[in-house]
Structure formats: C-alpha cells, structure tokens
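One structure is given below, encoded as structure tokens.
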Amino acid sequence: MAEPHAARPDPGSRIGHVLREDALELDRLIHERMRLAIVSALAVNESLTFNELKRLLDTTDGNLSVHARKLEEARYITCTKSFEGRLPRTEYRLSPAGRQALERYLDHMEALIRTMRDR
Amino acid sequence: MASVRPIRQAHNESPALHARAMDNLSFIRQTMERATSFTAVPGWGGVAMGIVALIAAGIADQHRGTPVWLATWLAAAVVALAIGGGAMAAKARRGGTSVFCYSGRRFVLSYIPPFLVGILLTIVLVHAGLVSALPGTWLLLYGTGVVTGGAYSVRAVPLMGLCFMALGAFALFAPARWGDGLMALGFGGFHIGFGLVIARRHGG
C-alpha cells in the first residue's frame, strides 16, 4: 500500500499510524492530568462547585482555577458564579463540546491499546 | 507531557505508550468513581429518615417491653429504608443514570451484609429475651454498613457511620431504659445532623 511518508521508519504499521495520530490529534487540552480529572469528574456529575472539585481532586485553589480557566476558554466546561448567602459560589458544568472531547480522548486511548494488542 | 523525539524511537516506545494509554484510562475511571460516590448519598433523604426515627422513638418509648415496641421500630426501619432508597435513586437520576449504576450499587452492596446480620441477630435476641440488647446491636450494625458503604464518599458519610458505631457500642453497656433515647439520638439526630451537612454541601 502506498504510504505518503514511506521514507520514515515503520511507516505502514498501524502503530506508526496511531502514533502519528497521537501527535496530530491527541487533545492536549484534556491530556493534562488535572484537566482530565476535572472533565472526568464533571462527566458523572450534573455540576460541581469549585470547593467540591478542589476537595475531590485534592488540589490547591490556584492550580484548580488555572486549569478550569483553560477548559472554560476552550468551552469544554461552563462556569456560573452566584452567591450562597454572603459567600461566592462557583459552579462548573461539562458542556456538550467537553463531553465530546472526553469521548474522543477515550476512543483514542482505546484505539491505542487495541492496536498494541493486535500487533 | 509532550516531548520532541525522533520518530525512529517510536517503535521502542510502543509498550510505554500502551502503558500510558492504560494508565490514562484507569485514571479517568478512578476519578469518575470517586466523583460519583462523592454525591451518591442523599442528604435530604437522611433528614427524612431521621424524622421517621424520632417519631418512632416517641411511640416506641410508650410501649417499652411490649411487642408494639419491636413492631414500631421495625416499621420505622422499613419506612426509613424506602425513603433512603428512593432519595438515593432520585439524586442519582438528577446526576445521570450512570451514577446509580456504579456508586449506588456499591453503597447498597456494602449495606446489605450488616443489614442481613441485623435481621438474624434481631430474631435470635428476641427469642433469647434479650430485647434490651437490640438498640446497641442495631446502631452498631447500621454504623458498620455506613462506614463500609461510605468509605469512598464525602467525609461526612463514614464519619456518621463511626458515630453510629460508637453510640451502638455505648448502648450495649448502657441501662436498657436508655435504648429509645439513644436510638432517637442516633437514627434521629445523626441522620438529621449529617443529612443537613450533606444536603447543603453536596447537592441535596
């Protein structure tokens, strides 16, 4: 079978293909552990507050807000701010785009594993 | 994270890549598991169960030493379990059905063994005329179920279980006439107190 990158080592194998896919398509945004954890936690909850996420993922305010903001900028999660009495309350939800991204990521990991198994 | 390496190494890296993919998948699964048990226990359901227990304690206390006493507490247990189960299912539904499938099942499965032991011991103790040992036994076994079922839940849940166990242990050695009061404190007070905390902090 003709391969456009035939000069490279291991060009025709499925591993090579998946590896290239890995480099090209892997969603770096949710590949990062903290962001992957945020998306995974929100996938099984309608919504979680900032404090719930912080406790659940055992992280700091700063770390969580940095990663949550990145996901928010990518529109993978939505954030609503409100007040509970006098305390501010930040609530996160997974957006349809975020759910899709997680599904894509899961498919990708499964494909990688399957390819290695079939080798 | 991402690193720039010559593609020639790709073949050697394959097992590592495979391991990383497996690792990523199990990380996602673990996070999801923890996140589901996080909110599986219903707070308002606990409050309602507590109210049932307080009513039962009021009625039972007036019928101490009669079969009505036992019947009252058993009826309260059935009603409270129905409320708890219903509230848990409702809370799971709100968060998507998958929640109930996984963490709900785990919670229920942890509850069942101590519950069955409770039924068995109740029959044995009643037959042996040791009705005064029932409050301590029930509190202790209920606490055991909550501790094991809530091991991965929010801290309030296993803590509530430990409180039940401590109260049960105390009740076993306390005067028999304290039984209803101690059960009112445990099944009533603990459920309402911890239920309010869970409801306020963990979404219902």
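In the structure tokens, chains take the letters A, B, ... in the order shown, each chain's residues start at 1, and ligands count up from 1 in the order shown.
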Env of range 154-158 of chain B: 12 Å cut, atoms = only C-alpha atoms, seq-sep filter 2 positions within chain, self excluded. Answer as a VMD selection string. (chain A and resid 52 to 53 55 to 56) or (chain B and resid 34 to 43 46 107 142 to 152 160 to 165 190 to 191 193 to 203)
Write the residues you've just listed into a file as a short mmCIF file (atom, residue, chain, number, x, y, z; two decimals), in the first residue's frame, and include N, CA and C atoms for each of them.
data_model
loop_
_atom_site.label_atom_id
_atom_site.label_comp_id
_atom_site.auth_asym_id
_atom_site.auth_seq_id
_atom_site.Cartn_x
_atom_site.Cartn_y
_atom_site.Cartn_z
N GLU A 52 -15.98 21.72 45.88
CA GLU A 52 -16.15 20.27 45.74
C GLU A 52 -15.05 19.69 44.86
N LEU A 53 -14.81 20.36 43.74
CA LEU A 53 -13.75 19.90 42.84
C LEU A 53 -12.39 19.93 43.53
N ARG A 55 -11.69 19.67 46.69
CA ARG A 55 -11.55 18.59 47.67
C ARG A 55 -11.44 17.24 46.97
N LEU A 56 -12.26 17.07 45.96
CA LEU A 56 -12.28 15.80 45.23
C LEU A 56 -10.94 15.51 44.57
N ARG B 34 -14.60 8.06 42.04
CA ARG B 34 -14.55 8.91 43.24
C ARG B 34 -15.58 10.02 43.15
N ALA B 35 -15.72 10.57 41.95
CA ALA B 35 -16.64 11.70 41.76
C ALA B 35 -18.10 11.26 41.90
N THR B 36 -18.40 10.01 41.56
CA THR B 36 -19.80 9.59 41.67
C THR B 36 -20.16 9.31 43.12
N SER B 37 -19.28 8.58 43.83
CA SER B 37 -19.61 8.28 45.23
C SER B 37 -19.65 9.58 46.02
N PHE B 38 -18.96 10.58 45.47
CA PHE B 38 -18.90 11.88 46.12
C PHE B 38 -20.28 12.42 46.48
N THR B 39 -21.25 12.17 45.62
CA THR B 39 -22.56 12.79 45.86
C THR B 39 -23.70 11.77 45.90
N ALA B 40 -23.36 10.49 46.01
CA ALA B 40 -24.41 9.48 45.90
C ALA B 40 -25.34 9.45 47.11
N VAL B 41 -24.82 9.85 48.28
CA VAL B 41 -25.62 9.73 49.49
C VAL B 41 -26.54 10.94 49.63
N PRO B 42 -27.84 10.68 49.77
CA PRO B 42 -28.80 11.78 49.78
C PRO B 42 -28.91 12.46 51.15
N GLY B 43 -28.69 13.75 51.19
CA GLY B 43 -28.75 14.49 52.44
C GLY B 43 -30.17 14.66 52.96
N GLY B 46 -31.66 11.61 54.26
CA GLY B 46 -31.20 11.34 55.63
C GLY B 46 -32.00 12.10 56.66
N PHE B 107 -22.76 1.22 47.26
CA PHE B 107 -23.27 1.63 48.56
C PHE B 107 -24.27 0.60 49.09
N TYR B 142 -25.81 -0.80 61.83
CA TYR B 142 -26.12 0.26 60.87
C TYR B 142 -24.87 1.10 60.62
N GLY B 143 -24.18 1.41 61.72
CA GLY B 143 -22.94 2.18 61.59
C GLY B 143 -21.92 1.46 60.73
N THR B 144 -21.82 0.15 60.90
CA THR B 144 -20.87 -0.64 60.11
C THR B 144 -21.19 -0.53 58.63
N GLY B 145 -22.47 -0.63 58.29
CA GLY B 145 -22.88 -0.50 56.89
C GLY B 145 -22.55 0.86 56.33
N VAL B 146 -22.76 1.90 57.11
CA VAL B 146 -22.50 3.26 56.63
C VAL B 146 -21.00 3.49 56.46
N VAL B 147 -20.21 2.97 57.39
CA VAL B 147 -18.75 3.14 57.28
C VAL B 147 -18.23 2.45 56.03
N THR B 148 -18.62 1.19 55.81
CA THR B 148 -18.09 0.48 54.64
C THR B 148 -18.67 1.05 53.35
N GLY B 149 -19.96 1.33 53.33
CA GLY B 149 -20.58 1.87 52.12
C GLY B 149 -20.08 3.26 51.79
N GLY B 150 -19.75 4.03 52.82
CA GLY B 150 -19.34 5.42 52.60
C GLY B 150 -17.85 5.63 52.62
N ALA B 151 -17.10 4.52 52.57
CA ALA B 151 -15.64 4.63 52.69
C ALA B 151 -15.06 5.59 51.66
N TYR B 152 -15.64 5.61 50.44
CA TYR B 152 -15.07 6.47 49.40
C TYR B 152 -15.95 7.70 49.16
N MET B 160 -20.25 9.73 59.95
CA MET B 160 -21.57 9.44 60.52
C MET B 160 -21.62 7.97 60.94
N GLY B 161 -21.08 7.10 60.11
CA GLY B 161 -21.05 5.67 60.43
C GLY B 161 -20.29 5.40 61.71
N LEU B 162 -19.15 6.06 61.86
CA LEU B 162 -18.35 5.87 63.09
C LEU B 162 -19.12 6.35 64.31
N CYS B 163 -19.83 7.46 64.17
CA CYS B 163 -20.64 7.96 65.28
C CYS B 163 -21.70 6.92 65.68
N PHE B 164 -22.34 6.33 64.67
CA PHE B 164 -23.34 5.28 64.93
C PHE B 164 -22.69 4.11 65.67
N MET B 165 -21.50 3.72 65.21
CA MET B 165 -20.84 2.57 65.83
C MET B 165 -20.47 2.86 67.29
N PHE B 190 -28.37 11.87 64.38
CA PHE B 190 -27.24 11.76 63.44
C PHE B 190 -27.71 11.91 62.00
N HIS B 191 -28.84 11.25 61.69
CA HIS B 191 -29.34 11.34 60.32
C HIS B 191 -29.68 12.77 59.94
N GLY B 193 -28.64 15.62 61.47
CA GLY B 193 -27.45 16.47 61.52
C GLY B 193 -26.56 16.28 60.30
N PHE B 194 -26.15 15.04 60.07
CA PHE B 194 -25.27 14.77 58.93
C PHE B 194 -26.00 14.98 57.61
N GLY B 195 -27.31 14.67 57.61
CA GLY B 195 -28.11 14.86 56.39
C GLY B 195 -28.10 16.32 55.97
N LEU B 196 -28.25 17.22 56.94
CA LEU B 196 -28.24 18.66 56.62
C LEU B 196 -26.89 19.08 56.05
N VAL B 197 -25.82 18.56 56.65
CA VAL B 197 -24.47 18.90 56.17
C VAL B 197 -24.30 18.43 54.73
N ILE B 198 -24.69 17.17 54.46
CA ILE B 198 -24.54 16.61 53.12
C ILE B 198 -25.43 17.37 52.12
N ALA B 199 -26.66 17.66 52.55
CA ALA B 199 -27.60 18.36 51.65
C ALA B 199 -27.06 19.75 51.28
N ARG B 200 -26.50 20.43 52.25
CA ARG B 200 -26.02 21.79 51.99
C ARG B 200 -24.74 21.81 51.18
N ARG B 201 -23.85 20.88 51.51
CA ARG B 201 -22.53 20.92 50.88
C ARG B 201 -22.42 20.09 49.61
N HIS B 202 -23.26 19.06 49.49
CA HIS B 202 -23.04 18.12 48.39
C HIS B 202 -24.27 17.92 47.54
N GLY B 203 -25.01 18.99 47.36
CA GLY B 203 -26.08 18.96 46.37
C GLY B 203 -27.26 18.06 46.67
#
Would you give me, as a ChimeraX atom specification, the residues of chain A that come within 6 Å of chain B, using only C-alpha atoms? /A:40-41,45-46,109,113
Report as an MDAnalysis selection string all protein, DNA and RNA residues lying within 10 Å of Leu134 in chain B, evaluated on only C-alpha atoms, omitting residues in the same chain fewer than 5 positions from it. chainID B and resid 70 118 121:123 125:126 139:140 168 171:172 176 179
What does the file look like for those residues with C-alpha atoms, as a PDB file, in the first residue's frame?
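This went into part30.pdb:
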ATOM      1  CA  LEU B  70     -40.465  -4.002  68.366  1.00  0.00           C
ATOM      2  CA  GLY B 118     -29.093  -7.351  61.866  1.00  0.00           C
ATOM      3  CA  LEU B 121     -29.454 -11.133  65.386  1.00  0.00           C
ATOM      4  CA  THR B 122     -32.820  -9.459  65.987  1.00  0.00           C
ATOM      5  CA  ILE B 123     -34.582 -12.817  65.706  1.00  0.00           C
ATOM      6  CA  LEU B 125     -32.015 -11.788  70.585  1.00  0.00           C
ATOM      7  CA  VAL B 126     -35.817 -11.587  70.717  1.00  0.00           C
ATOM      8  CA  LEU B 139     -26.888   1.096  65.962  1.00  0.00           C
ATOM      9  CA  LEU B 140     -23.616  -0.824  65.718  1.00  0.00           C
ATOM     10  CA  GLY B 168     -24.052   1.453  69.457  1.00  0.00           C
ATOM     11  CA  ALA B 171     -25.733   1.486  74.072  1.00  0.00           C
ATOM     12  CA  LEU B 172     -24.750  -2.159  74.553  1.00  0.00           C
ATOM     13  CA  ALA B 176     -31.828  -0.704  78.980  1.00  0.00           C
ATOM     14  CA  GLY B 179     -32.422   2.426  74.476  1.00  0.00           C
TER      15      GLY B 179
END
May I ask which of the residues A:Val66, A:Ala74, A:Leu94, A:Leu102 is the closest one to Ser47 in chain A, counting only C-alpha atoms? A:Leu94
Please compute the CA of Leu130 in chain B-CA of Val78 in chain B distance, one decimal, in Å.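 Spanning CA of Leu130 in chain B to CA of Val78 in chain B is a straight-line distance of 21.9 Å.
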Need to verify the contact set: Leu54 in chain B, 9 Å, only C-alpha atoms, exclusion of same-chain residues closer than 6 positions in sequence. Can you return it as a CSV table (one decimal) with N, CA and C atoms, in the first residue's frame?
chain,number,residue,atom,x,y,z
B,183,MET,N,-31.4,5.6,70.5
B,183,MET,CA,-31.8,5.4,69.1
B,183,MET,C,-32.3,6.7,68.5
B,184,ALA,N,-33.0,7.5,69.3
B,184,ALA,CA,-33.5,8.8,68.8
B,184,ALA,C,-32.3,9.6,68.5
B,185,LEU,N,-31.3,9.6,69.4
B,185,LEU,CA,-30.1,10.4,69.1
B,185,LEU,C,-29.4,9.9,67.8
B,187,PHE,N,-30.4,7.3,65.2
B,187,PHE,CA,-31.2,7.2,63.9
B,187,PHE,C,-31.9,8.5,63.7
B,188,GLY,N,-32.2,9.3,64.7
B,188,GLY,CA,-32.9,10.6,64.5
B,188,GLY,C,-31.8,11.7,64.4
B,189,GLY,N,-31.1,11.9,65.4
B,189,GLY,CA,-30.2,13.1,65.5
B,189,GLY,C,-29.1,13.0,64.4
Figure out the distance between CA of Gly58 in chain B and CA of Trp73 in chain B, please, to one decimal in Å. 10.5 Å
